[in-house]
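Colleague: I'm passing along input.pdb; it holds PDB, C-alpha atoms, pLDDT in the B column.
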```
ATOM      1  CA  MET W   7       0.000   0.000   0.000  1.00 71.00           C
ATOM      2  CA  LYS W   8       1.283   3.442  -0.914  1.00 78.00           C
ATOM      3  CA  LYS W   9      -0.038   6.690   0.561  1.00 84.00           C
ATOM      4  CA  TRP W  10       0.569  10.224  -0.593  1.00 86.00           C
ATOM      5  CA  LYS W  11      -0.629  13.318   1.225  1.00 93.00           C
ATOM      6  CA  LYS W  12       0.051  16.832  -0.006  1.00 95.00           C
ATOM      7  CA  GLU W  13      -1.444  20.221   0.661  1.00 96.00           C
ATOM      8  CA  ILE W  14      -1.360  23.533  -1.131  1.00 97.00           C
ATOM      9  CA  THR W  15      -2.991  26.939  -0.705  1.00 98.00           C
ATOM     10  CA  ILE W  16      -5.315  28.106  -3.469  1.00 98.00           C
ATOM     11  CA  ASN W  17      -5.998  31.823  -3.718  1.00 98.00           C
ATOM     12  CA  ALA W  18      -9.738  31.536  -4.248  1.00 98.00           C
ATOM     13  CA  PRO W  19     -12.740  31.164  -1.904  1.00 98.00           C
ATOM     14  CA  ILE W  20     -13.759  27.662  -0.874  1.00 98.00           C
ATOM     15  CA  GLU W  21     -17.170  27.979  -2.574  1.00 97.00           C
ATOM     16  CA  TYR W  22     -15.421  28.775  -5.850  1.00 97.00           C
ATOM     17  CA  VAL W  23     -12.931  25.888  -5.514  1.00 98.00           C
ATOM     18  CA  TRP W  24     -15.432  23.151  -4.525  1.00 98.00           C
ATOM     19  CA  PRO W  25     -17.162  22.657  -7.935  1.00 97.00           C
ATOM     20  CA  PHE W  26     -13.811  21.731  -9.504  1.00 97.00           C
ATOM     21  CA  PHE W  27     -13.925  18.543  -7.400  1.00 96.00           C
ATOM     22  CA  TYR W  28     -17.649  17.899  -7.110  1.00 94.00           C
ATOM     23  CA  GLY W  29     -20.794  19.079  -8.843  1.00 91.00           C
ATOM     24  CA  ASP W  30     -19.632  20.781 -12.059  1.00 95.00           C
ATOM     25  CA  LEU W  31     -18.318  18.434 -14.755  1.00 95.00           C
ATOM     26  CA  GLU W  32     -17.017  21.253 -16.976  1.00 96.00           C
ATOM     27  CA  LYS W  33     -14.948  22.711 -14.128  1.00 97.00           C
ATOM     28  CA  LYS W  34     -13.776  19.230 -13.124  1.00 96.00           C
ATOM     29  CA  LYS W  35     -12.535  18.646 -16.668  1.00 96.00           C
ATOM     30  CA  MET W  36     -10.306  21.725 -16.285  1.00 96.00           C
ATOM     31  CA  ILE W  37      -8.207  19.930 -13.643  1.00 96.00           C
ATOM     32  CA  PHE W  38      -8.933  16.375 -14.838  1.00 94.00           C
ATOM     33  CA  PRO W  39      -8.771  16.807 -18.634  1.00 94.00           C
ATOM     34  CA  LYS W  40      -8.987  13.045 -19.293  1.00 94.00           C
ATOM     35  CA  VAL W  41     -12.412  12.783 -17.648  1.00 95.00           C
ATOM     36  CA  MET W  42     -15.007  12.757 -20.419  1.00 95.00           C
ATOM     37  CA  ASP W  43     -18.253  12.108 -18.546  1.00 96.00           C
ATOM     38  CA  GLU W  44     -19.720  11.167 -15.185  1.00 95.00           C
ATOM     39  CA  VAL W  45     -23.150   9.672 -14.551  1.00 95.00           C
ATOM     40  CA  PHE W  46     -24.678   8.517 -11.276  1.00 95.00           C
ATOM     41  CA  THR W  47     -25.606   4.852 -11.621  1.00 96.00           C
ATOM     42  CA  GLN W  48     -26.709   4.628  -7.998  1.00 95.00           C
ATOM     43  CA  GLU W  49     -27.413   7.658  -5.822  1.00 94.00           C
ATOM     44  CA  THR W  50     -28.092   7.706  -2.093  1.00 94.00           C
ATOM     45  CA  GLU W  51     -29.751  10.564  -0.234  1.00 91.00           C
ATOM     46  CA  GLN W  52     -26.565  11.439   1.705  1.00 91.00           C
ATOM     47  CA  LEU W  53     -24.372  10.766  -1.387  1.00 94.00           C
ATOM     48  CA  VAL W  54     -22.102   8.450   0.637  1.00 96.00           C
ATOM     49  CA  GLY W  55     -22.407   5.034  -0.987  1.00 96.00           C
ATOM     50  CA  SER W  56     -23.457   6.518  -4.327  1.00 96.00           C
ATOM     51  CA  ILE W  57     -21.807   5.096  -7.434  1.00 96.00           C
ATOM     52  CA  ILE W  58     -20.673   7.179 -10.392  1.00 96.00           C
ATOM     53  CA  SER W  59     -19.746   5.751 -13.769  1.00 96.00           C
ATOM     54  CA  GLN W  60     -16.820   7.808 -15.052  1.00 95.00           C
ATOM     55  CA  THR W  61     -15.613   7.773 -18.654  1.00 94.00           C
ATOM     56  CA  TYR W  62     -11.904   8.474 -18.944  1.00 91.00           C
ATOM     57  CA  GLN W  63      -9.939   9.003 -22.169  1.00 92.00           C
ATOM     58  CA  ILE W  64      -6.237   8.125 -22.393  1.00 87.00           C
ATOM     59  CA  GLY W  65      -5.036   8.699 -25.949  1.00 90.00           C
ATOM     60  CA  SER W  66      -7.232   6.569 -28.174  1.00 93.00           C
ATOM     61  CA  VAL W  67      -8.331   4.321 -25.290  1.00 91.00           C
ATOM     62  CA  THR W  68     -11.595   4.982 -23.453  1.00 93.00           C
ATOM     63  CA  GLU W  69     -11.952   3.472 -20.000  1.00 90.00           C
ATOM     64  CA  GLN W  70     -14.881   3.218 -17.594  1.00 92.00           C
ATOM     65  CA  TYR W  71     -14.441   3.424 -13.851  1.00 92.00           C
ATOM     66  CA  GLU W  72     -17.033   2.733 -11.217  1.00 95.00           C
ATOM     67  CA  ILE W  73     -16.405   5.306  -8.492  1.00 96.00           C
ATOM     68  CA  THR W  74     -17.936   4.885  -5.045  1.00 96.00           C
ATOM     69  CA  ILE W  75     -18.374   7.970  -2.870  1.00 97.00           C
ATOM     70  CA  LYS W  76     -16.965   7.043   0.534  1.00 97.00           C
ATOM     71  CA  LYS W  77     -17.087  10.416   2.266  1.00 97.00           C
ATOM     72  CA  TYR W  78     -18.954  13.630   1.489  1.00 97.00           C
ATOM     73  CA  VAL W  79     -19.063  16.781   3.622  1.00 97.00           C
ATOM     74  CA  ASN W  80     -20.176  20.145   2.243  1.00 96.00           C
ATOM     75  CA  GLU W  81     -20.058  22.689   5.065  1.00 97.00           C
ATOM     76  CA  GLN W  82     -19.400  26.413   4.841  1.00 96.00           C
ATOM     77  CA  HIS W  83     -15.709  26.280   5.830  1.00 97.00           C
ATOM     78  CA  TYR W  84     -14.876  22.613   5.287  1.00 98.00           C
ATOM     79  CA  LYS W  85     -15.546  20.236   2.391  1.00 98.00           C
ATOM     80  CA  ILE W  86     -14.356  16.747   1.578  1.00 98.00           C
ATOM     81  CA  PHE W  87     -15.069  14.329  -1.224  1.00 96.00           C
ATOM     82  CA  GLN W  88     -13.593  10.833  -0.940  1.00 97.00           C
ATOM     83  CA  GLU W  89     -13.839   8.435  -3.850  1.00 97.00           C
ATOM     84  CA  SER W  90     -12.758   4.845  -4.266  1.00 96.00           C
ATOM     85  CA  PHE W  91     -12.289   2.871  -7.477  1.00 93.00           C
ATOM     86  CA  LEU W  92     -10.385  -0.021  -8.976  1.00 90.00           C
ATOM     87  CA  LEU W  93      -7.610   1.146 -11.326  1.00 83.00           C
ATOM     88  CA  ASN W  94      -6.841  -1.223 -14.205  1.00 77.00           C
ATOM     89  CA  ASN W  95      -8.198  -4.086 -12.116  1.00 78.00           C
ATOM     90  CA  ARG W  96      -4.923  -3.951 -10.162  1.00 79.00           C
ATOM     91  CA  PHE W  97      -5.067  -1.192  -7.548  1.00 82.00           C
ATOM     92  CA  ARG W  98      -7.827  -0.069  -5.186  1.00 88.00           C
ATOM     93  CA  MET W  99      -7.528   3.721  -5.211  1.00 91.00           C
ATOM     94  CA  THR W 100      -8.988   5.825  -2.407  1.00 96.00           C
ATOM     95  CA  ILE W 101      -8.619   9.550  -2.926  1.00 96.00           C
ATOM     96  CA  ASP W 102      -9.595  12.472  -0.686  1.00 97.00           C
ATOM     97  CA  TYR W 103     -10.114  15.979  -2.014  1.00 97.00           C
ATOM     98  CA  GLU W 104     -10.295  18.043   1.159  1.00 98.00           C
ATOM     99  CA  LEU W 105     -10.855  21.795   1.317  1.00 98.00           C
ATOM    100  CA  GLU W 106     -10.532  24.099   4.328  1.00 98.00           C
ATOM    101  CA  ALA W 107     -11.382  27.795   4.149  1.00 98.00           C
ATOM    102  CA  GLN W 108      -8.433  29.795   5.478  1.00 98.00           C
ATOM    103  CA  ASN W 109     -10.307  33.077   5.070  1.00 97.00           C
ATOM    104  CA  ASP W 110     -12.764  34.593   2.557  1.00 96.00           C
ATOM    105  CA  THR W 111     -10.299  34.405  -0.345  1.00 96.00           C
ATOM    106  CA  THR W 112      -7.974  31.503   0.444  1.00 98.00           C
ATOM    107  CA  THR W 113      -8.540  27.738   0.569  1.00 98.00           C
ATOM    108  CA  LYS W 114      -6.253  24.980   1.774  1.00 98.00           C
ATOM    109  CA  PHE W 115      -6.445  21.969  -0.561  1.00 98.00           C
ATOM    110  CA  ILE W 116      -5.362  18.649   0.950  1.00 98.00           C
ATOM    111  CA  TYR W 117      -4.969  15.690  -1.398  1.00 96.00           C
ATOM    112  CA  THR W 118      -4.633  12.186   0.010  1.00 96.00           C
ATOM    113  CA  SER W 119      -4.259   9.107  -2.169  1.00 92.00           C
ATOM    114  CA  ILE W 120      -4.030   5.508  -0.979  1.00 89.00           C
ATOM    115  CA  ASN W 121      -3.129   2.900  -3.598  1.00 84.00           C
ATOM    116  CA  LYS W 122      -3.668  -0.648  -2.423  1.00 84.00           C
ATOM    117  CA  PRO W 123      -2.668  -3.432  -4.844  1.00 75.00           C
ATOM    118  CA  LYS W 124      -5.104  -6.310  -5.313  1.00 75.00           C
ATOM    119  CA  ASN W 125      -2.106  -8.632  -5.629  1.00 67.00           C
ATOM    120  CA  PRO W 126       0.516  -8.236  -2.857  1.00 60.00           C
ATOM    121  CA  LEU W 127       3.302  -8.786  -5.411  1.00 55.00           C
ATOM    122  CA  LEU W 128       2.324  -5.539  -7.114  1.00 52.00           C
ATOM    123  CA  GLY W 129       3.140  -3.762  -3.854  1.00 52.00           C
ATOM    124  CA  ILE W 130       6.830  -4.300  -4.578  1.00 50.00           C
ATOM    125  CA  PHE W 131       6.610  -1.916  -7.544  1.00 52.00           C
ATOM    126  CA  GLN W 132       5.117   0.765  -5.327  1.00 49.00           C
ATOM    127  CA  LEU W 133       8.359   0.905  -3.363  1.00 48.00           C
ATOM    128  CA  PHE W 134       9.912   2.718  -6.319  1.00 49.00           C
ATOM    129  CA  GLY W 135       7.107   5.260  -6.744  1.00 58.00           C
ATOM    130  CA  ASN W 136       7.596   8.925  -5.928  1.00 66.00           C
ATOM    131  CA  ASP W 137       5.267  11.846  -5.408  1.00 76.00           C
ATOM    132  CA  GLU W 138       6.211  13.788  -8.562  1.00 83.00           C
ATOM    133  CA  VAL W 139       2.846  13.051 -10.232  1.00 84.00           C
ATOM    134  CA  VAL W 140       1.001  14.270  -7.133  1.00 87.00           C
ATOM    135  CA  ARG W 141       3.084  17.462  -6.938  1.00 92.00           C
ATOM    136  CA  ARG W 142       2.446  18.224 -10.616  1.00 92.00           C
ATOM    137  CA  PHE W 143      -1.283  17.616 -10.117  1.00 93.00           C
ATOM    138  CA  MET W 144      -1.378  19.917  -7.081  1.00 95.00           C
ATOM    139  CA  ASN W 145       0.471  22.724  -8.879  1.00 96.00           C
ATOM    140  CA  ARG W 146      -1.647  22.361 -12.040  1.00 96.00           C
ATOM    141  CA  THR W 147      -4.830  22.391  -9.932  1.00 97.00           C
ATOM    142  CA  LYS W 148      -3.748  25.538  -8.081  1.00 97.00           C
ATOM    143  CA  GLU W 149      -2.799  27.343 -11.304  1.00 97.00           C
ATOM    144  CA  THR W 150      -5.983  26.293 -13.123  1.00 97.00           C
ATOM    145  CA  ILE W 151      -8.375  27.306 -10.343  1.00 97.00           C
ATOM    146  CA  GLU W 152      -6.587  30.588  -9.573  1.00 97.00           C
ATOM    147  CA  SER W 153      -6.510  31.522 -13.261  1.00 96.00           C
ATOM    148  CA  ALA W 154     -10.224  30.722 -13.698  1.00 96.00           C
ATOM    149  CA  TYR W 155     -11.038  32.731 -10.564  1.00 96.00           C
ATOM    150  CA  LYS W 156      -9.037  35.771 -11.747  1.00 94.00           C
ATOM    151  CA  ASN W 157     -10.699  35.570 -15.175  1.00 91.00           C
ATOM    152  CA  GLU W 158     -14.149  35.427 -13.579  1.00 89.00           C
ATOM    153  CA  ILE W 159     -13.398  38.434 -11.363  1.00 87.00           C
ATOM    154  CA  GLN W 160     -12.087  40.355 -14.383  1.00 86.00           C
ATOM    155  CA  THR W 161     -15.172  39.466 -16.438  1.00 83.00           C
ATOM    156  CA  ASN W 162     -17.494  40.525 -13.619  1.00 78.00           C
ATOM    157  CA  THR W 163     -15.573  43.774 -13.157  1.00 79.00           C
ATOM    158  CA  ASN W 164     -15.764  44.545 -16.891  1.00 76.00           C
ATOM    159  CA  GLU W 165     -19.507  43.891 -16.922  1.00 73.00           C
ATOM    160  CA  LEU W 166     -20.023  46.216 -13.958  1.00 72.00           C
ATOM    161  CA  LEU W 167     -18.018  48.946 -15.700  1.00 73.00           C
ATOM    162  CA  LYS W 168     -20.231  48.640 -18.793  1.00 74.00           C
ATOM    163  CA  GLU W 169     -23.365  49.364 -16.774  1.00 68.00           C
TER
END
```
What's the structure tokens form of this structure?

Modeller:
Amino acid sequence: MKKWKKEITINAPIEYVWPFFYGDLEKKKMIFPKVMDEVFTQETEQLVGSIISQTYQIGSVTEQYEITIKKYVNEQHYKIFQESFLLNNRFRMTIDYELEAQNDTTTKFIYTSINKPKNPLLGIFQLFGNDEVVRRFMNRTKETIESAYKNEIQTNTNELLKE
């Protein structure tokens, strides 16, 4: 089993950041460009236990993942979305996207990923893994969300000036 945990500060309000992880497929695609579609195949009232069918495109290959929502909290200053899925029928992935409001304009993003191999022999290969992919994802996520937020503020400011 391999676990990565990283955090980064995003200069945008928590309510702006949240839809990039849950609830707005177009925003989600901005930070997960290989995600093509998501459809609930089973939805519970509290969302925990719900199952989402996710279509994922890697080059010319289209893959389907069945994602189970394990944790869901959507409070004013704290939000978390935990998903679990089987990657390539080899690894059970459990990923947390956790957001904490630092103030009205800043959000702490905490990413936690646990990769558990179905076959214990695959665990040997995890010994050589590093967190470079996670760091690149965190930096790309920060840049994408901050850029979108600045663009939205600029657009809103321009529209107000026109009035």

Colleague: Figure out the distance between CA of Glu152 in chain W and CA of Leu105 in chain W, please, to one decimal in Å.

Modeller: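 Between CA of Leu105 in chain W and CA of Glu152 in chain W the gap is 14.6 Å.
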
Colleague: Could you list, as a PyMOL selection string, every residue matched by the PyMOL selection byres ((chain W and resi 58) around 6) in this structure?

Modeller: chain W and resi 45-47+57+59+72-73

Colleague: Take the residues from that selection and write them out as a tab-separated table (two decimals), in the frame of the given file, keeping C-alpha atoms.

Modeller:
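As written to disk, out14.tsv reads:
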```tsv
chain	number	residue	atom	x	y	z
W	45	VAL	CA	-23.15	9.67	-14.55
W	46	PHE	CA	-24.68	8.52	-11.28
W	47	THR	CA	-25.61	4.85	-11.62
W	57	ILE	CA	-21.81	5.10	-7.43
W	59	SER	CA	-19.75	5.75	-13.77
W	72	GLU	CA	-17.03	2.73	-11.22
W	73	ILE	CA	-16.40	5.31	-8.49
```

Colleague: Let me know the residues the PyMOL selection byres ((chain W and resi 80) around 12) catches in the file above, as a ChimeraX atom specification.

Modeller: /W:20-21,24-25,27-29,52-54,77-79,81-88,103-107

Colleague: So what do you get for CA of Asn17 in chain W versus CA of Thr118 in chain W, distance-wise?

Modeller: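 Separating CA of Asn17 in chain W from CA of Thr118 in chain W is a distance of 20.0 Å.
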
Colleague: What does the structure give for the distance between CA of Ser90 in chain W and CA of Ile64 in chain W, in Å to one decimal?

Modeller: 19.5 Å

Colleague: Taking into account all atoms listed in the file, which residue in the set W:Lys34, W:Lys124, W:Lys9, W:Lys168 is nearest to Asp137 in chain W?

Modeller: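 Among the listed residues, W:Lys9 lies closest to Asp137 in chain W.
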
Colleague: So for range 152-168 of chain W, what box centre and size do we get, axis-aligned, 8 Å extra on each of the six sides, every listed atom, Å to one decimal, as JSON?

Modeller:
```
{"center_x": -13.4, "center_y": 39.8, "center_z": -14.2, "size_x": 29.7, "size_y": 34.4, "size_z": 25.2}
```

Colleague: Would you be able to write out as a ChimeraX atom specification which residues have an atom within 10 Å of (-7.6, -2.1, -10.7) in the file's coordinates, counting only C-alpha atoms?

Modeller: /W:71,91-99,121-125

Colleague: Select, from W:Asn162, W:Asn157, W:Gln108, W:Thr150, the residue with the minimum atom-to-atom distance to Met36 in chain W, counting only C-alpha atoms.

Modeller: W:Thr150

Colleague: Go through W:Thr68, W:Met7, W:Tyr22, W:Pro39 and flag the residue nearest Lys156 in chain W, using all atoms listed in the file for the distances.

Modeller: W:Tyr22

Colleague: Compile the contact shell of Ile151 in chain W as a PyMOL selection string: residues with an atom at most 8 Å away, counting all atoms listed in the file, same-chain residues fewer than 6 positions apart removed.

Modeller: chain W and resi 16+18+23+26

Colleague: Could you turn the residues from that selection into a file that holds C-alpha atoms, as a tab-separated table (two decimals), in the coordinates of the input?

Modeller:
```tsv
chain	number	residue	atom	x	y	z
W	16	ILE	CA	-5.32	28.11	-3.47
W	18	ALA	CA	-9.74	31.54	-4.25
W	23	VAL	CA	-12.93	25.89	-5.51
W	26	PHE	CA	-13.81	21.73	-9.50
```

Colleague: Identify which of the residues W:Tyr117, W:Asp110, W:Ile101, W:Asp43 lies closest to Asn145 in chain W, counting all atoms listed in the file when measuring atom-to-atom distances.

Modeller: W:Tyr117
